[in-house]
Structures are given as C-alpha cells and as structure tokens.
Amino acid sequence: MTLMKFIVALAFLAILASLVSALVFMMRNGRSTQTKSGHMVKALALRVGLSIILFICVLIGWHLGYIQPTGIAAGQ
C-alpha cells in the first residue's frame with residue numbers, strides 16, 4: 001500500500017512540474033513578437049497525458065483491490 005501512495009504522489013508531482021514548466025514557457029515567450037508556444041503546448045499535453053494515465057491507474061488499482069474506498073458509507 002505504501003508503494004501505491006508513493007507512485008500516486010510521484011505522479012502528482014510530475015503533473016505539477018509539467019504545469020509549472022508550461023507557465024514558465026508562457027511567461028518567457030509571452031512578451032516577444034514571435035511567440036514560440038510549441039514548448040508550452042507540449043508541456044500541457046504531457047500534463048493531460050499524465051493525468052489520464054494516473055486516473056486509469058487509480059481505476060485499475062481500485063478494480064484489482066489495491067485501493068480500498070474509505071470515508072462516509074453510501075446512503076448515510
């Protein structure tokens with residue numbers, strides 16, 4: 001279970017790093033007349049891809065029983 005938490009935390013950090021890099025590319029190239037948004041688009045596409053992969057991994061982990069739901073029981 002600890003490995004699964006580590007993997008999810010690592011994936012969240014990768015998603016945040018990709019989002020920050022897109023912000024840096026946007027701020028660096030936003031003021032020039034020739035905007036090179038290719039780097040920003042690639043960083044945002046990577047973020048979306050990582051988010052989708054994380055979501056699918058969480059669903060697979062739940063389906064296989066590695067992740068158990070906690071919290072308020074349904075119907076209460």
# chains A, B, ... in the order shown; residues from 1 in each chain; ligands from 1
$ residues_around --residues "range 39-55 of chain A" --least-positions-apart "3" --cutoff "9 Å" --atoms "only C-alpha atoms" --output "PyMOL selection string"
chain A and resi 8+11-12+14-26+36+58-60
$ atom_distance --atom1 "CA of Gly65 in chain A" --atom2 "CA of Leu10 in chain A"
20.5 Å
$ select_by_dssp --residues "chain A" --states "helix (DSSP H, G or I)" --output "ChimeraX atom specification"
/A:2-29,38-64
